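The structure file model_22.cif is reproduced below (mmCIF, C-alpha atoms).
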data_query
#
loop_
_atom_site.label_atom_id
_atom_site.label_comp_id
_atom_site.auth_asym_id
_atom_site.auth_seq_id
_atom_site.Cartn_x
_atom_site.Cartn_y
_atom_site.Cartn_z
CA MET A 1 27.58 -4.76 -10.09
CA ALA A 2 24.42 -5.29 -8.07
CA LYS A 3 21.51 -2.98 -8.84
CA LYS A 4 20.72 -0.38 -6.20
CA ALA A 5 17.14 0.36 -5.12
CA LEU A 6 15.90 3.17 -2.87
CA ILE A 7 12.60 2.61 -1.07
CA THR A 8 10.71 5.43 0.60
CA GLY A 9 8.37 4.06 3.25
CA ILE A 10 10.56 1.00 3.84
CA THR A 11 9.29 0.62 7.42
CA GLY A 12 5.71 0.12 6.23
CA GLN A 13 3.94 -3.06 5.21
CA ASP A 14 4.75 -2.81 1.50
CA GLY A 15 8.24 -1.46 2.06
CA SER A 16 9.22 -4.41 4.23
CA TYR A 17 7.92 -7.01 1.76
CA LEU A 18 9.49 -5.18 -1.19
CA ALA A 19 12.85 -4.97 0.60
CA GLU A 20 12.77 -8.74 1.20
CA PHE A 21 11.89 -9.37 -2.43
CA LEU A 22 14.64 -7.11 -3.82
CA LEU A 23 17.22 -8.66 -1.51
CA SER A 24 16.24 -12.06 -2.91
CA LYS A 25 16.99 -10.64 -6.37
CA GLY A 26 20.48 -9.58 -5.32
CA TYR A 27 19.83 -5.83 -5.00
CA GLU A 28 21.58 -3.41 -2.70
CA VAL A 29 18.57 -2.05 -0.83
CA TYR A 30 18.45 1.43 0.68
CA GLY A 31 15.53 2.58 2.79
CA MET A 32 14.64 6.20 3.45
CA VAL A 33 13.46 6.92 7.00
CA ARG A 34 12.43 10.13 8.71
CA ARG A 35 14.42 11.47 11.65
CA SER A 36 12.60 10.47 14.82
CA SER A 37 13.38 10.08 18.51
CA ILE A 38 11.51 6.76 18.41
CA ASP A 39 12.55 4.09 15.91
CA ARG A 40 9.73 2.02 14.44
CA PHE A 41 11.62 -0.67 12.59
CA GLU A 42 9.73 -3.77 13.76
CA ARG A 43 8.67 -4.75 10.22
CA ILE A 44 12.26 -4.69 8.96
CA GLU A 45 14.12 -5.75 12.11
CA HIS A 46 14.81 -9.20 10.65
CA ILE A 47 16.61 -7.68 7.63
CA ARG A 48 18.26 -4.64 9.28
CA GLY A 49 21.71 -6.12 8.74
CA LYS A 50 21.09 -6.56 5.01
CA ILE A 51 19.75 -3.09 4.13
CA ARG A 52 21.07 0.44 4.49
CA LEU A 53 18.94 3.18 6.01
CA VAL A 54 19.32 6.81 5.01
CA GLN A 55 17.60 9.82 6.52
CA GLY A 56 15.18 11.73 4.33
CA ASP A 57 11.75 13.31 4.33
CA LEU A 58 9.16 13.75 1.60
CA MET A 59 8.53 17.23 3.02
CA ASP A 60 12.15 18.28 2.49
CA GLN A 61 13.51 18.61 -1.05
CA SER A 62 17.15 18.93 -0.01
CA SER A 63 17.11 15.63 1.90
CA LEU A 64 15.68 13.84 -1.15
CA ASP A 65 18.29 15.43 -3.43
CA GLU A 66 21.03 14.34 -1.04
CA ALA A 67 19.75 10.77 -0.81
CA VAL A 68 19.60 10.37 -4.60
CA LYS A 69 23.02 12.02 -5.04
CA ASN A 70 24.71 9.79 -2.46
CA ILE A 71 23.10 6.51 -3.52
CA MET A 72 22.68 7.05 -7.29
CA PRO A 73 20.06 4.27 -7.37
CA ASP A 74 18.96 2.33 -10.42
CA GLU A 75 15.38 2.14 -9.13
CA ILE A 76 13.30 4.24 -6.73
CA TYR A 77 10.09 2.97 -5.19
CA ASN A 78 7.97 5.75 -3.66
CA LEU A 79 5.82 3.97 -1.08
CA ALA A 80 5.86 6.60 1.66
CA ALA A 81 2.60 8.46 2.30
CA GLN A 82 0.03 9.40 4.89
CA SER A 83 -1.94 6.34 3.89
CA PHE A 84 -4.71 5.91 6.48
CA VAL A 85 -7.90 7.18 4.83
CA PRO A 86 -9.80 8.30 7.99
CA THR A 87 -6.81 10.39 9.14
CA SER A 88 -6.85 12.24 5.82
CA TRP A 89 -10.10 14.00 6.83
CA ASN A 90 -8.54 15.16 10.09
CA GLN A 91 -5.24 16.12 8.46
CA PRO A 92 -6.07 16.95 4.83
CA THR A 93 -3.27 19.48 4.32
CA LEU A 94 -0.60 17.18 5.75
CA THR A 95 -1.95 14.32 3.63
CA GLY A 96 -1.69 16.49 0.51
CA GLU A 97 1.87 17.52 1.40
CA PHE A 98 3.11 13.97 1.98
CA THR A 99 1.05 11.96 -0.47
CA GLY A 100 0.76 14.49 -3.31
CA LEU A 101 3.56 17.04 -3.19
CA GLY A 102 5.97 14.50 -1.70
CA THR A 103 5.78 12.58 -4.98
CA THR A 104 6.66 15.75 -6.88
CA ARG A 105 9.72 16.29 -4.71
CA VAL A 106 10.99 12.77 -5.42
CA LEU A 107 10.46 13.31 -9.14
CA GLU A 108 12.28 16.63 -8.96
CA ALA A 109 15.26 14.92 -7.31
CA ILE A 110 15.26 12.41 -10.16
CA ARG A 111 14.99 15.11 -12.83
CA ARG A 112 17.84 17.14 -11.36
CA ILE A 113 20.25 14.40 -10.33
CA LYS A 114 19.60 11.03 -11.98
CA PRO A 115 17.07 11.22 -14.82
CA ASP A 116 17.86 7.67 -16.00
CA VAL A 117 16.54 6.11 -12.77
CA ARG A 118 13.45 3.89 -12.99
CA PHE A 119 10.69 5.20 -10.73
CA TYR A 120 7.68 3.47 -9.19
CA GLN A 121 4.80 5.48 -7.76
CA ALA A 122 2.36 3.81 -5.37
CA SER A 123 -1.03 4.86 -6.71
CA SER A 124 -4.22 3.57 -5.11
CA SER A 125 -7.65 2.13 -5.87
CA GLU A 126 -9.00 4.89 -3.58
CA MET A 127 -8.52 7.20 -6.58
CA PHE A 128 -11.57 5.57 -8.21
CA GLY A 129 -13.76 6.37 -5.20
CA LYS A 130 -17.32 6.76 -6.48
CA VAL A 131 -16.71 4.32 -9.27
CA ARG A 132 -17.79 5.08 -12.84
CA GLU A 133 -17.60 1.46 -14.01
CA VAL A 134 -17.16 -2.06 -12.63
CA PRO A 135 -14.53 -3.45 -12.62
CA GLN A 136 -12.03 -0.57 -12.67
CA ASN A 137 -9.13 -0.57 -15.11
CA GLU A 138 -6.33 1.80 -16.16
CA LEU A 139 -8.72 3.95 -18.21
CA THR A 140 -11.53 4.24 -15.63
CA PRO A 141 -12.08 7.91 -14.65
CA PHE A 142 -11.13 8.87 -11.11
CA HIS A 143 -13.63 10.22 -8.57
CA PRO A 144 -11.84 10.17 -5.20
CA ARG A 145 -13.97 10.33 -2.04
CA SER A 146 -11.36 11.30 0.56
CA PRO A 147 -8.47 13.76 0.88
CA TYR A 148 -6.18 10.72 0.68
CA GLY A 149 -7.73 9.67 -2.63
CA VAL A 150 -7.46 13.22 -3.99
CA ALA A 151 -3.78 13.41 -2.98
CA LYS A 152 -3.11 10.06 -4.65
CA VAL A 153 -4.71 11.32 -7.88
CA TYR A 154 -2.31 14.27 -7.81
CA GLY A 155 0.66 11.94 -7.22
CA HIS A 156 -0.52 9.71 -10.06
CA TYR A 157 -0.91 12.48 -12.61
CA ILE A 158 2.31 14.28 -11.66
CA THR A 159 4.08 10.98 -12.31
CA VAL A 160 2.47 10.78 -15.76
CA ASN A 161 3.41 14.43 -16.35
CA TYR A 162 7.10 13.92 -15.53
CA ARG A 163 7.16 10.79 -17.71
CA GLU A 164 5.77 12.71 -20.66
CA SER A 165 7.63 16.00 -20.03
CA TYR A 166 11.11 14.75 -19.12
CA ASP A 167 11.20 11.23 -20.60
CA ILE A 168 11.61 9.69 -17.14
CA PHE A 169 10.96 5.96 -16.79
CA ALA A 170 8.10 6.46 -14.34
CA CYS A 171 5.37 3.90 -13.62
CA SER A 172 2.33 3.98 -11.37
CA GLY A 173 0.87 0.85 -9.85
CA ILE A 174 -2.82 1.31 -9.07
CA LEU A 175 -2.91 -1.26 -6.31
CA PHE A 176 -6.19 -2.40 -4.85
CA ASN A 177 -6.42 -3.28 -1.15
CA HIS A 178 -3.55 -5.52 -0.12
CA GLU A 179 -3.21 -6.84 3.39
CA SER A 180 -0.95 -9.01 5.55
CA PRO A 181 -0.02 -9.73 9.17
CA ARG A 182 2.17 -6.61 8.88
CA ARG A 183 -0.78 -4.30 8.15
CA GLY A 184 -1.21 -1.47 10.64
CA LEU A 185 -3.69 -2.10 13.45
CA GLU A 186 -5.73 0.94 12.41
CA PHE A 187 -6.75 -0.64 9.07
CA VAL A 188 -10.06 -2.50 9.13
CA THR A 189 -8.70 -5.90 8.07
CA ARG A 190 -6.05 -5.94 10.77
CA LYS A 191 -8.48 -4.41 13.27
CA ILE A 192 -10.74 -7.39 12.60
CA THR A 193 -8.08 -10.11 12.85
CA ASN A 194 -6.46 -8.54 15.91
CA GLY A 195 -9.91 -8.15 17.51
CA VAL A 196 -10.76 -11.78 16.78
CA ALA A 197 -7.47 -12.90 18.32
CA GLY A 198 -8.15 -10.84 21.43
CA ILE A 199 -11.64 -12.27 21.85
CA LYS A 200 -10.38 -15.82 21.23
CA LEU A 201 -7.77 -15.44 23.97
CA GLY A 202 -10.17 -13.81 26.42
CA LEU A 203 -8.57 -10.38 26.21
CA ALA A 204 -11.70 -8.71 24.81
CA THR A 205 -15.41 -9.37 24.38
CA GLU A 206 -16.47 -7.12 21.51
CA LEU A 207 -15.26 -5.63 18.22
CA ARG A 208 -16.62 -2.25 17.13
CA LEU A 209 -16.84 -1.73 13.36
CA GLY A 210 -18.46 0.61 10.84
CA ASN A 211 -19.93 -0.21 7.42
CA LEU A 212 -20.00 -3.99 6.94
CA ASP A 213 -21.48 -3.67 3.45
CA ALA A 214 -18.48 -1.91 1.88
CA LYS A 215 -16.96 -4.09 -0.85
CA ARG A 216 -13.25 -4.38 -1.57
CA ASP A 217 -10.84 -6.31 -3.76
CA TRP A 218 -8.39 -7.76 -1.19
CA GLY A 219 -5.07 -9.46 -1.92
CA PHE A 220 -1.82 -10.32 -0.15
CA ALA A 221 0.78 -7.55 0.07
CA GLY A 222 3.63 -10.02 -0.46
CA ASP A 223 2.20 -10.85 -3.89
CA TYR A 224 1.59 -7.24 -4.84
CA VAL A 225 5.12 -5.95 -4.27
CA GLU A 226 6.38 -8.30 -6.98
CA SER A 227 4.26 -6.39 -9.51
CA MET A 228 6.07 -3.16 -8.56
CA TRP A 229 9.41 -4.69 -9.54
CA MET A 230 7.95 -6.21 -12.71
CA MET A 231 6.78 -2.78 -13.90
CA LEU A 232 10.31 -1.41 -13.72
CA GLN A 233 11.74 -4.31 -15.73
CA GLN A 234 9.66 -3.55 -18.84
CA ASP A 235 11.00 -1.94 -22.04
CA ALA A 236 8.69 1.07 -21.66
CA PRO A 237 7.08 2.73 -18.63
CA ASP A 238 3.33 2.42 -18.14
CA ASP A 239 0.62 2.28 -15.48
CA TYR A 240 -1.05 -0.90 -14.25
CA VAL A 241 -4.02 -1.94 -12.12
CA VAL A 242 -2.96 -4.64 -9.66
CA ALA A 243 -5.86 -6.56 -8.13
CA THR A 244 -7.43 -10.01 -7.76
CA GLY A 245 -10.55 -9.21 -9.77
CA GLU A 246 -12.72 -10.49 -6.89
CA THR A 247 -14.80 -8.43 -4.50
CA HIS A 248 -15.80 -9.24 -0.93
CA THR A 249 -17.70 -7.33 1.74
CA VAL A 250 -16.29 -6.37 5.11
CA ARG A 251 -18.96 -8.70 6.50
CA GLU A 252 -17.46 -11.64 4.59
CA PHE A 253 -14.04 -10.80 6.01
CA VAL A 254 -15.54 -10.69 9.51
CA GLU A 255 -17.35 -14.02 9.07
CA LEU A 256 -14.23 -15.81 7.82
CA ALA A 257 -12.05 -14.34 10.55
CA PHE A 258 -14.37 -15.30 13.40
CA ASP A 259 -14.97 -18.71 11.87
CA ARG A 260 -11.22 -19.33 11.75
CA ALA A 261 -11.13 -18.79 15.51
CA GLY A 262 -14.23 -20.92 16.11
CA LEU A 263 -16.35 -17.93 17.17
CA ASP A 264 -19.79 -16.54 16.24
CA TRP A 265 -19.22 -13.01 14.97
CA LYS A 266 -22.80 -11.93 15.70
CA LYS A 267 -22.15 -12.33 19.43
CA HIS A 268 -19.19 -9.95 19.42
CA VAL A 269 -19.43 -7.36 16.63
CA VAL A 270 -20.97 -3.97 17.48
CA ILE A 271 -21.81 -1.51 14.68
CA ASP A 272 -20.52 1.92 15.70
CA PRO A 273 -21.52 5.02 13.64
CA ALA A 274 -18.22 6.64 14.66
CA PHE A 275 -16.44 4.36 12.18
CA PHE A 276 -18.50 5.34 9.12
CA ARG A 277 -16.71 7.56 6.57
CA PRO A 278 -18.05 11.05 5.74
CA ALA A 279 -18.11 9.95 2.08
CA GLU A 280 -18.13 6.18 1.70
CA VAL A 281 -16.49 4.21 -1.09
CA GLU A 282 -18.98 1.39 -1.46
CA LEU A 283 -17.42 -0.83 -4.13
CA LEU A 284 -13.91 -1.35 -5.43
CA VAL A 285 -12.92 -4.25 -7.68
CA GLY A 286 -10.04 -4.14 -10.14
CA ASP A 287 -9.48 -5.51 -13.62
CA PRO A 288 -5.89 -6.83 -13.56
CA SER A 289 -5.94 -8.20 -17.11
CA LYS A 290 -3.24 -5.77 -18.34
CA ALA A 291 -0.88 -6.70 -15.49
CA ARG A 292 -1.49 -10.38 -16.19
CA LYS A 293 -0.92 -10.05 -19.92
CA VAL A 294 2.00 -7.60 -20.01
CA LEU A 295 3.79 -8.32 -16.73
CA GLY A 296 2.83 -11.96 -16.30
CA TRP A 297 1.69 -11.16 -12.76
CA ASN A 298 -0.87 -13.22 -10.88
CA PRO A 299 -1.86 -13.21 -7.20
CA GLY A 300 -0.75 -16.31 -5.33
CA VAL A 301 -2.73 -16.04 -2.08
CA SER A 302 -6.53 -16.34 -2.13
CA PHE A 303 -8.91 -14.19 -0.07
CA GLU A 304 -9.68 -17.10 2.26
CA GLU A 305 -5.98 -17.91 2.71
CA LEU A 306 -5.24 -14.25 3.45
CA VAL A 307 -7.85 -14.05 6.22
CA ARG A 308 -6.64 -17.31 7.79
CA MET A 309 -3.01 -16.15 7.62
CA MET A 310 -3.80 -12.87 9.38
CA VAL A 311 -5.96 -14.42 12.11
CA ASP A 312 -3.39 -17.13 12.86
CA ALA A 313 -0.56 -14.57 13.02
CA ASP A 314 -2.47 -12.30 15.43
CA ILE A 315 -3.44 -15.18 17.72
CA GLU A 316 0.19 -16.31 17.82
CA ARG A 317 1.43 -12.76 18.44
CA LEU A 318 -0.97 -12.14 21.32
CA LYS A 319 -0.13 -15.52 22.87
CA CYS A 320 3.52 -14.47 22.97
CA ALA A 321 2.87 -10.92 24.20
#
Conversion result in structure tokens:
Amino acid sequence: MAKKALITGITGQDGSYLAEFLLSKGYEVYGMVRRSSIDRFERIEHIRGKIRLVQGDLMDQSSLDEAVKNIMPDEIYNLAAQSFVPTSWNQPTLTGEFTGLGTTRVLEAIRRIKPDVRFYQASSSEMFGKVREVPQNELTPFHPRSPYGVAKVYGHYITVNYRESYDIFACSGILFNHESPRRGLEFVTRKITNGVAGIKLGLATELRLGNLDAKRDWGFAGDYVESMWMMLQQDAPDDYVVATGETHTVREFVELAFDRAGLDWKKHVVIDPAFFRPAEVELLVGDPSKARKVLGWNPGVSFEELVRMMVDADIERLKCA
């Protein structure tokens, strides 16, 4: 019998890559989607015939109970969230409901209906926020600097609590920034590569950005979803930092992206105060040594390769638009 996996947030960047990966492993893949008058399935359109979509909502306990009861999955990957950090200041309560309490509702469905399921919670490097040490590992104290980061801390600790209270096989992956051509256009990396593509093709002349000095640990989303699966194949549940261990500034990302397109970034980038965060996270860089040692996980795509991949994909997309 093939294993069954349920993915919340399957229409997102990570959900689409994870679905592809699990299909390659022979899983029956189920994706939970919210009821909407407009379908946004472009990231999974190429695998729609191979996966099964079920309606459900992290805001609605009964829909989660029903999904778990009908599917009886072996693994659940909770990737759904309000995940865009700037929006979390404008919609802090909604962010807390989805990103924090939504995790609790999934865990409650597991506790009530299928306590032997293996559960993955998408934690985030944004939980570290105003970092207490460099690099950050599984024992680094959290100091989130956004409502999104705060909600992720709640989701992380409620996962630990259910693991310890109800003996649920629950893992949290503290993933550092992971990008791809499927990243949403609102995220800074994709905003940069899409902007570069537009300028290269004569569709735009400038790119407005905020803090170019912010430092992040960027990897490829396709690599990172493999670590999620690896966590659920272990003998015992645990939490892991997943990162490259390298840090780069937004400015470096900009320079590489414009260089890939044969452009001078200084002629096109405009610094706009509107894009600065109310409370900035200046430096994030992870220590993935535990994931490497225990899981045997290593990133396959370098920072430079990632930037080139994203720029090339956006140029090709806009050419065909």
Selected residue, from A:Met309, A:Leu207, A:Ala197, A:Leu263, that lies nearest to Phe275 of chain A when counting all atoms listed in the file |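 Closest residue, counting all atoms listed in the file: A:Leu207.
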Expand the PyMOL selection byres ((chain A and resi 188) around 10) into the individual residues it matches in the shown file, reporting them as JSON, numbers by chain.
-> {"A": [179, 183, 184, 185, 186, 187, 189, 190, 191, 192, 193, 194, 209, 210, 250, 253, 254, 275]}
Any chance you could export the current selection's C-alpha atoms as a PDB file, keeping the file's coordinate frame?
ATOM      1  CA  GLU A 179      -3.210  -6.840   3.390  1.00  0.00           C
ATOM      2  CA  ARG A 183      -0.780  -4.300   8.150  1.00  0.00           C
ATOM      3  CA  GLY A 184      -1.210  -1.470  10.640  1.00  0.00           C
ATOM      4  CA  LEU A 185      -3.690  -2.100  13.450  1.00  0.00           C
ATOM      5  CA  GLU A 186      -5.730   0.940  12.410  1.00  0.00           C
ATOM      6  CA  PHE A 187      -6.750  -0.640   9.070  1.00  0.00           C
ATOM      7  CA  THR A 189      -8.700  -5.900   8.070  1.00  0.00           C
ATOM      8  CA  ARG A 190      -6.050  -5.940  10.770  1.00  0.00           C
ATOM      9  CA  LYS A 191      -8.480  -4.410  13.270  1.00  0.00           C
ATOM     10  CA  ILE A 192     -10.740  -7.390  12.600  1.00  0.00           C
ATOM     11  CA  THR A 193      -8.080 -10.110  12.850  1.00  0.00           C
ATOM     12  CA  ASN A 194      -6.460  -8.540  15.910  1.00  0.00           C
ATOM     13  CA  LEU A 209     -16.840  -1.730  13.360  1.00  0.00           C
ATOM     14  CA  GLY A 210     -18.460   0.610  10.840  1.00  0.00           C
ATOM     15  CA  VAL A 250     -16.290  -6.370   5.110  1.00  0.00           C
ATOM     16  CA  PHE A 253     -14.040 -10.800   6.010  1.00  0.00           C
ATOM     17  CA  VAL A 254     -15.540 -10.690   9.510  1.00  0.00           C
ATOM     18  CA  PHE A 275     -16.440   4.360  12.180  1.00  0.00           C
TER      19      PHE A 275
END
Any idea what the distance is between atom CA of Gly15 of chain A and atom CA of Met32 of chain A?
-> 10.1 Å
Quick one: residues within 10 Å of Ser125 of chain A, all atoms listed in the file counted, chain neighbours fewer than 2 positions away excluded, as an NGL selection string?
-> :A and (123 or 127-129 or 131 or 136-137 or 142 or 144 or 149 or 152-153 or 173-177 or 216-217 or 241-243 or 284-286)
Can you list, as a list in words, the residues that the PyMOL selection byres ((chain A and resi 206) around 10) selects here?
->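 With the PyMOL selection byres ((chain A and resi 206) around 10) on this model, the match is Gly195, Val196, Gly198, Ile199, Leu203, Ala204, Thr205, Leu207, Arg208, Leu209, Trp265, Lys266, Lys267, His268, Val269 and Val270 of chain A.
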So which residues fall inside 9 Å of (16.8, 11.5, -15.0) if we count all atoms listed in the file? Mind giving them as a list in words?
-> Leu107, Ala109, Ile110, Arg111, Arg112, Ile113, Lys114, Pro115, Asp116, Val117, Arg118, Tyr166, Asp167, Ile168 and Phe169 of chain A
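Across the structure, atom CA of Asn211 of chain A and atom CA of Val225 of chain A are spaced 28.2 Å apart.
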Please, what distance in Å, to one decimal, runs between atom CA of Pro141 of chain A and atom CA of Gln82 of chain A?
->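 Separation of atom CA of Pro141 of chain A and atom CA of Gln82 of chain A: 23.0 Å.
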Near Glu75 of chain A, within 9 Å and counting only C-alpha atoms, which residues show up once chain neighbours fewer than 4 positions away are dropped, as number ranges by chain?
-> A: 3-7, 117-120, 232
Do you know which residues are at most 9 Å from Leu53 of chain A counting only C-alpha atoms, after dropping those on the same chain fewer than 6 positions away, and could you put them as a PyMOL selection string?
-> chain A and resi 10+29-33
Shortest interatomic distance to Pro135 of chain A - which of A:Gly56, A:Gly245, A:Asp74, A:Thr95, counting all atoms listed in the file =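 Residue with the minimum atom-to-atom distance to Pro135 of chain A: A:Gly245.
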